[in-house]
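Structure, as structure tokens:
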Amino acid sequence: MATPDPPRPGFALPLLLLAGFRTLIDDLHAELAREGHPELRPLHGFVLQAVGADGTTATELGQRLGISKQAAGKTVDRLVGVGYLERVDDPTDARRRLVRVTPRGADGLRRSAEIFDRLRAQWADTLGPERVTAMEDDLGTMASANWFRLDVPGWFGG
């Protein structure tokens, strides 16, 4: 008769979830670098998504990300400097400046989605497609209803 596995400590679950997340994100960014986007960092994906298709102001971006206006402004400056975002006059309010995703930024987001699909396929090759689907379903059951949140940078930093 096989010996039962010893009980696992409660802290192992969040650490393993974080390790799986970190593995996917590190693999994503290694591939993005190979595909011409070495400047992109994990935070930048949240920023590009929070800017959205219509653009936003630095203040609104900070609110969406859960960070200060100053932190948002510094991040925008960095992404403008490497060509992922641009600042433009707001056509509806001359007092405001909008931040918009550039074609290079859109390319980074598109490539990220394609790479995530490939990474998921690699996990399915290793674990089996049924186990990956079951893991996603189980995590969806346990996660809050608004699981797709862009304020992760502020949550981690706060």
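Residues in the structure tokens are named by chain (A, B, ... in the order shown) and by number from 1 within that chain; ligands are numbered from 1 in the order shown.
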**OP:** Write out as JSON, numbers by chain the residues lying within 12 Å of Glu136 in chain A, counting only C-alpha atoms and excluding same-chain residues fewer than 6 positions away.
**Re:** {"A": [17, 120, 123, 124, 129, 130, 142, 143]}
Would you output that residue set with C-alpha atoms, as a short mmCIF file (atom, residue, chain, number, x, y, z; two decimals), in the first residue's frame?
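For reference, again_14.cif as written:
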```
data_model
loop_
_atom_site.label_atom_id
_atom_site.label_comp_id
_atom_site.auth_asym_id
_atom_site.auth_seq_id
_atom_site.Cartn_x
_atom_site.Cartn_y
_atom_site.Cartn_z
CA LEU A 17 0.60 30.07 -8.33
CA ARG A 120 -0.35 27.69 -23.20
CA TRP A 123 1.90 23.72 -20.96
CA ALA A 124 -0.77 21.55 -22.60
CA PRO A 129 -4.71 19.64 -22.59
CA GLU A 130 -7.39 18.35 -20.21
CA MET A 142 -11.84 30.34 -7.20
CA ALA A 143 -11.03 33.80 -8.61
#
```
Original post:
Which neighbours of Gly62 in chain A fall inside 9 Å, counting only C-alpha atoms, when residues of the same chain fewer than 4 positions from it are skipped, and could you give them as a PyMOL selection string?
Top reply: chain A and resi 57-58+66-73+151+154
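The shortest atom-to-atom distance to Arg111 in chain A, with only C-alpha atoms taken into account, belongs to A:Leu32 out of A:Arg64, A:Leu98, A:Phe46, A:Leu32.
Closest approach to Ala113 in chain A from the set A:Pro91, A:Gly83, A:Gly45, A:Pro14 is made by A:Gly45, with distances taken over only C-alpha atoms.
With only C-alpha atoms taken into account, the protein and nucleic acid residues at most 12 Å from range 54-56 of chain A (excluding it and anything under 6 positions from it in its own chain) are Val47, Leu48, Gly62, Gln63, Arg64, Ala72, Gly73, Val76, Leu85, Glu86, Arg87, Val88, Asp89, Asp90, Pro91, Arg96, Arg97, Leu98, Val99, Arg100, Val101 and Thr102 of chain A.
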Can I get the selected residues back with N, CA, C and O atoms, as a short mmCIF file (atom, residue, chain, number, x, y, z; two decimals), in the first residue's frame?
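For reference, selection_28.cif as written:
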```cif
data_model
loop_
_atom_site.label_atom_id
_atom_site.label_comp_id
_atom_site.auth_asym_id
_atom_site.auth_seq_id
_atom_site.Cartn_x
_atom_site.Cartn_y
_atom_site.Cartn_z
N VAL A 47 0.08 48.52 -18.58
CA VAL A 47 -0.04 49.93 -18.97
C VAL A 47 -0.65 50.04 -20.37
O VAL A 47 -1.59 50.81 -20.58
N LEU A 48 -0.13 49.28 -21.32
CA LEU A 48 -0.64 49.36 -22.69
C LEU A 48 -2.12 48.99 -22.75
O LEU A 48 -2.90 49.63 -23.46
N GLY A 62 -3.26 56.38 -14.10
CA GLY A 62 -2.89 56.07 -12.72
C GLY A 62 -4.04 55.44 -11.95
O GLY A 62 -3.86 54.47 -11.22
N GLN A 63 -5.25 55.98 -12.14
CA GLN A 63 -6.42 55.43 -11.47
C GLN A 63 -6.69 54.00 -11.93
O GLN A 63 -6.99 53.12 -11.11
N ARG A 64 -6.60 53.75 -13.23
CA ARG A 64 -6.85 52.41 -13.76
C ARG A 64 -5.84 51.40 -13.23
O ARG A 64 -6.17 50.23 -13.01
N ALA A 72 2.44 57.01 -12.82
CA ALA A 72 1.91 56.79 -14.17
C ALA A 72 2.66 57.66 -15.17
O ALA A 72 3.03 57.20 -16.26
N GLY A 73 2.91 58.92 -14.80
CA GLY A 73 3.63 59.83 -15.69
C GLY A 73 5.03 59.34 -16.01
O GLY A 73 5.48 59.42 -17.16
N VAL A 76 4.72 56.43 -18.38
CA VAL A 76 4.39 56.94 -19.71
C VAL A 76 5.65 57.52 -20.37
O VAL A 76 5.93 57.24 -21.54
N LEU A 85 4.22 54.33 -26.60
CA LEU A 85 3.13 55.27 -26.36
C LEU A 85 3.50 56.61 -26.98
O LEU A 85 4.68 56.90 -27.23
N GLU A 86 2.48 57.44 -27.19
CA GLU A 86 2.70 58.81 -27.65
C GLU A 86 1.75 59.72 -26.89
O GLU A 86 0.70 59.29 -26.42
N ARG A 87 2.17 60.98 -26.75
CA ARG A 87 1.31 62.00 -26.15
C ARG A 87 0.79 62.87 -27.28
O ARG A 87 1.55 63.31 -28.14
N VAL A 88 -0.51 63.13 -27.26
CA VAL A 88 -1.14 63.97 -28.28
C VAL A 88 -2.14 64.90 -27.61
O VAL A 88 -2.61 64.65 -26.50
N ASP A 89 -2.47 65.99 -28.29
CA ASP A 89 -3.50 66.89 -27.79
C ASP A 89 -4.85 66.18 -27.86
O ASP A 89 -5.14 65.46 -28.80
N ASP A 90 -5.66 66.42 -26.84
CA ASP A 90 -7.02 65.87 -26.81
C ASP A 90 -7.88 66.69 -27.75
O ASP A 90 -8.03 67.90 -27.56
N PRO A 91 -8.45 66.07 -28.79
CA PRO A 91 -9.25 66.83 -29.75
C PRO A 91 -10.53 67.42 -29.15
O PRO A 91 -11.10 68.35 -29.71
N ARG A 96 -6.14 69.27 -22.19
CA ARG A 96 -5.71 67.91 -21.83
C ARG A 96 -4.77 67.33 -22.89
O ARG A 96 -4.88 67.63 -24.06
N ARG A 97 -3.88 66.49 -22.40
CA ARG A 97 -3.03 65.70 -23.30
C ARG A 97 -3.42 64.24 -23.12
O ARG A 97 -3.60 63.77 -21.99
N LEU A 98 -3.56 63.54 -24.21
CA LEU A 98 -3.88 62.12 -24.17
C LEU A 98 -2.63 61.29 -24.38
O LEU A 98 -1.69 61.72 -25.06
N VAL A 99 -2.65 60.12 -23.81
CA VAL A 99 -1.62 59.11 -24.05
C VAL A 99 -2.27 58.06 -24.93
O VAL A 99 -3.39 57.60 -24.63
N ARG A 100 -1.60 57.70 -26.02
CA ARG A 100 -2.13 56.68 -26.93
C ARG A 100 -1.08 55.63 -27.24
O ARG A 100 0.12 55.92 -27.22
N VAL A 101 -1.55 54.44 -27.54
CA VAL A 101 -0.66 53.35 -27.95
C VAL A 101 -0.24 53.60 -29.40
O VAL A 101 -1.06 53.92 -30.25
N THR A 102 1.06 53.45 -29.66
CA THR A 102 1.59 53.61 -31.02
C THR A 102 1.48 52.28 -31.77
O THR A 102 1.19 51.23 -31.16
#
```
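Using only C-alpha atoms, the smallest distance between any of A:Ser112, A:Thr23, A:Ser144, A:Gln49 and Glu35 in chain A comes from A:Ser112.
When DSSP is run on the backbone, the residues of chain A that fall into strand (DSSP E) are Leu85, Glu86, Arg87, Val88, Asp89, Asp90, Asp93, Ala94, Arg95, Arg96, Arg97, Leu98, Val99, Arg100 and Val101 of chain A.
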Go ahead and write the residues just picked, all heavy atoms, as a CSV table (one decimal), in the first residue's frame.
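New file again10.csv:
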```csv
chain,number,residue,atom,x,y,z
A,85,LEU,N,4.2,54.3,-26.6
A,85,LEU,CA,3.1,55.3,-26.4
A,85,LEU,C,3.5,56.6,-27.0
A,85,LEU,O,4.7,56.9,-27.2
A,85,LEU,CB,2.9,55.5,-24.9
A,85,LEU,CG,2.4,54.3,-24.0
A,85,LEU,CD1,2.3,54.7,-22.6
A,85,LEU,CD2,1.0,53.8,-24.5
A,86,GLU,N,2.5,57.4,-27.2
A,86,GLU,CA,2.7,58.8,-27.6
A,86,GLU,C,1.8,59.7,-26.9
A,86,GLU,O,0.7,59.3,-26.4
A,86,GLU,CB,2.4,58.9,-29.2
A,86,GLU,CG,1.0,58.6,-29.6
A,86,GLU,CD,0.8,58.7,-31.1
A,86,GLU,OE1,1.7,59.1,-31.8
A,86,GLU,OE2,-0.3,58.4,-31.5
A,87,ARG,N,2.2,61.0,-26.8
A,87,ARG,CA,1.3,62.0,-26.1
A,87,ARG,C,0.8,62.9,-27.3
A,87,ARG,O,1.6,63.3,-28.1
A,87,ARG,CB,2.1,62.8,-25.2
A,87,ARG,CG,2.4,62.1,-23.9
A,87,ARG,CD,2.9,63.2,-22.8
A,87,ARG,NE,3.0,62.6,-21.5
A,87,ARG,CZ,4.1,62.0,-21.1
A,87,ARG,NH1,5.2,61.9,-21.8
A,87,ARG,NH2,4.2,61.5,-19.8
A,88,VAL,N,-0.5,63.1,-27.3
A,88,VAL,CA,-1.1,64.0,-28.3
A,88,VAL,C,-2.1,64.9,-27.6
A,88,VAL,O,-2.6,64.6,-26.5
A,88,VAL,CB,-1.9,63.1,-29.4
A,88,VAL,CG1,-0.9,62.2,-30.1
A,88,VAL,CG2,-3.0,62.3,-28.7
A,89,ASP,N,-2.5,66.0,-28.3
A,89,ASP,CA,-3.5,66.9,-27.8
A,89,ASP,C,-4.9,66.2,-27.9
A,89,ASP,O,-5.1,65.5,-28.8
A,89,ASP,CB,-3.5,68.2,-28.6
A,89,ASP,CG,-2.3,69.0,-28.5
A,89,ASP,OD1,-1.7,69.0,-27.4
A,89,ASP,OD2,-1.9,69.7,-29.4
A,90,ASP,N,-5.7,66.4,-26.8
A,90,ASP,CA,-7.0,65.9,-26.8
A,90,ASP,C,-7.9,66.7,-27.8
A,90,ASP,O,-8.0,67.9,-27.6
A,90,ASP,CB,-7.6,65.9,-25.4
A,90,ASP,CG,-8.9,65.3,-25.2
A,90,ASP,OD1,-9.7,65.2,-26.2
A,90,ASP,OD2,-9.3,64.9,-24.1
A,93,ASP,N,-10.7,68.5,-25.8
A,93,ASP,CA,-10.4,69.5,-24.7
A,93,ASP,C,-8.9,69.9,-24.9
A,93,ASP,O,-8.0,69.1,-24.6
A,93,ASP,CB,-10.6,68.8,-23.4
A,93,ASP,CG,-10.4,69.7,-22.2
A,93,ASP,OD1,-9.8,70.8,-22.3
A,93,ASP,OD2,-10.8,69.3,-21.1
A,94,ALA,N,-8.7,71.1,-25.3
A,94,ALA,CA,-7.4,71.6,-25.6
A,94,ALA,C,-6.5,71.7,-24.3
A,94,ALA,O,-5.3,71.8,-24.4
A,94,ALA,CB,-7.4,73.0,-26.2
A,95,ARG,N,-7.1,71.6,-23.1
A,95,ARG,CA,-6.3,71.7,-21.9
A,95,ARG,C,-5.7,70.3,-21.5
A,95,ARG,O,-4.8,70.2,-20.7
A,95,ARG,CB,-7.2,72.1,-20.7
A,95,ARG,CG,-7.7,73.5,-20.9
A,95,ARG,CD,-8.8,73.8,-19.9
A,95,ARG,NE,-9.9,72.9,-20.1
A,95,ARG,CZ,-10.9,72.7,-19.3
A,95,ARG,NH1,-11.0,73.3,-18.2
A,95,ARG,NH2,-11.9,71.8,-19.7
A,96,ARG,N,-6.1,69.3,-22.2
A,96,ARG,CA,-5.7,67.9,-21.8
A,96,ARG,C,-4.8,67.3,-22.9
A,96,ARG,O,-4.9,67.6,-24.1
A,96,ARG,CB,-6.9,67.0,-21.7
A,96,ARG,CG,-7.8,67.3,-20.6
A,96,ARG,CD,-9.0,66.4,-20.4
A,96,ARG,NE,-9.1,65.2,-21.3
A,96,ARG,CZ,-9.6,64.1,-20.9
A,96,ARG,NH1,-10.0,63.9,-19.6
A,96,ARG,NH2,-9.7,63.1,-21.7
A,97,ARG,N,-3.9,66.5,-22.4
A,97,ARG,CA,-3.0,65.7,-23.3
A,97,ARG,C,-3.4,64.2,-23.1
A,97,ARG,O,-3.6,63.8,-22.0
A,97,ARG,CB,-1.6,65.9,-22.9
A,97,ARG,CG,-1.0,67.3,-23.1
A,97,ARG,CD,-0.5,67.6,-24.4
A,97,ARG,NE,0.7,66.9,-24.7
A,97,ARG,CZ,1.2,66.7,-25.9
A,97,ARG,NH1,0.6,67.2,-26.9
A,97,ARG,NH2,2.3,66.0,-26.1
A,98,LEU,N,-3.6,63.5,-24.2
A,98,LEU,CA,-3.9,62.1,-24.2
A,98,LEU,C,-2.6,61.3,-24.4
A,98,LEU,O,-1.7,61.7,-25.1
A,98,LEU,CB,-4.9,61.8,-25.3
A,98,LEU,CG,-6.3,62.3,-25.1
A,98,LEU,CD1,-7.1,61.9,-26.3
A,98,LEU,CD2,-6.9,61.8,-23.8
A,99,VAL,N,-2.6,60.1,-23.8
A,99,VAL,CA,-1.6,59.1,-24.0
A,99,VAL,C,-2.3,58.1,-24.9
A,99,VAL,O,-3.4,57.6,-24.6
A,99,VAL,CB,-1.2,58.5,-22.7
A,99,VAL,CG1,-0.1,57.4,-22.9
A,99,VAL,CG2,-0.6,59.6,-21.8
A,100,ARG,N,-1.6,57.7,-26.0
A,100,ARG,CA,-2.1,56.7,-26.9
A,100,ARG,C,-1.1,55.6,-27.2
A,100,ARG,O,0.1,55.9,-27.2
A,100,ARG,CB,-2.6,57.3,-28.3
A,100,ARG,CG,-3.8,58.2,-28.1
A,100,ARG,CD,-4.4,58.5,-29.5
A,100,ARG,NE,-3.4,58.9,-30.4
A,100,ARG,CZ,-3.6,59.7,-31.5
A,100,ARG,NH1,-4.8,60.2,-31.7
A,100,ARG,NH2,-2.6,60.0,-32.3
A,101,VAL,N,-1.5,54.4,-27.5
A,101,VAL,CA,-0.7,53.3,-28.0
A,101,VAL,C,-0.2,53.6,-29.4
A,101,VAL,O,-1.1,53.9,-30.3
A,101,VAL,CB,-1.4,52.0,-27.8
A,101,VAL,CG1,-0.5,50.8,-28.3
A,101,VAL,CG2,-1.8,51.7,-26.4
```
**OP:** Taking the DSSP assignment computed from this structure's backbone, write out as a PyMOL selection string all residues of range 9-116 of chain A that belong to helix (DSSP H, G or I).
**Re:** chain A and resi 12-34+42-51+58-65+69-81+103-116
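The closest residue to Pro38 in chain A, picked from A:Gly128, A:Arg22, A:Val82, A:Gly140 and counting only C-alpha atoms, is A:Val82.
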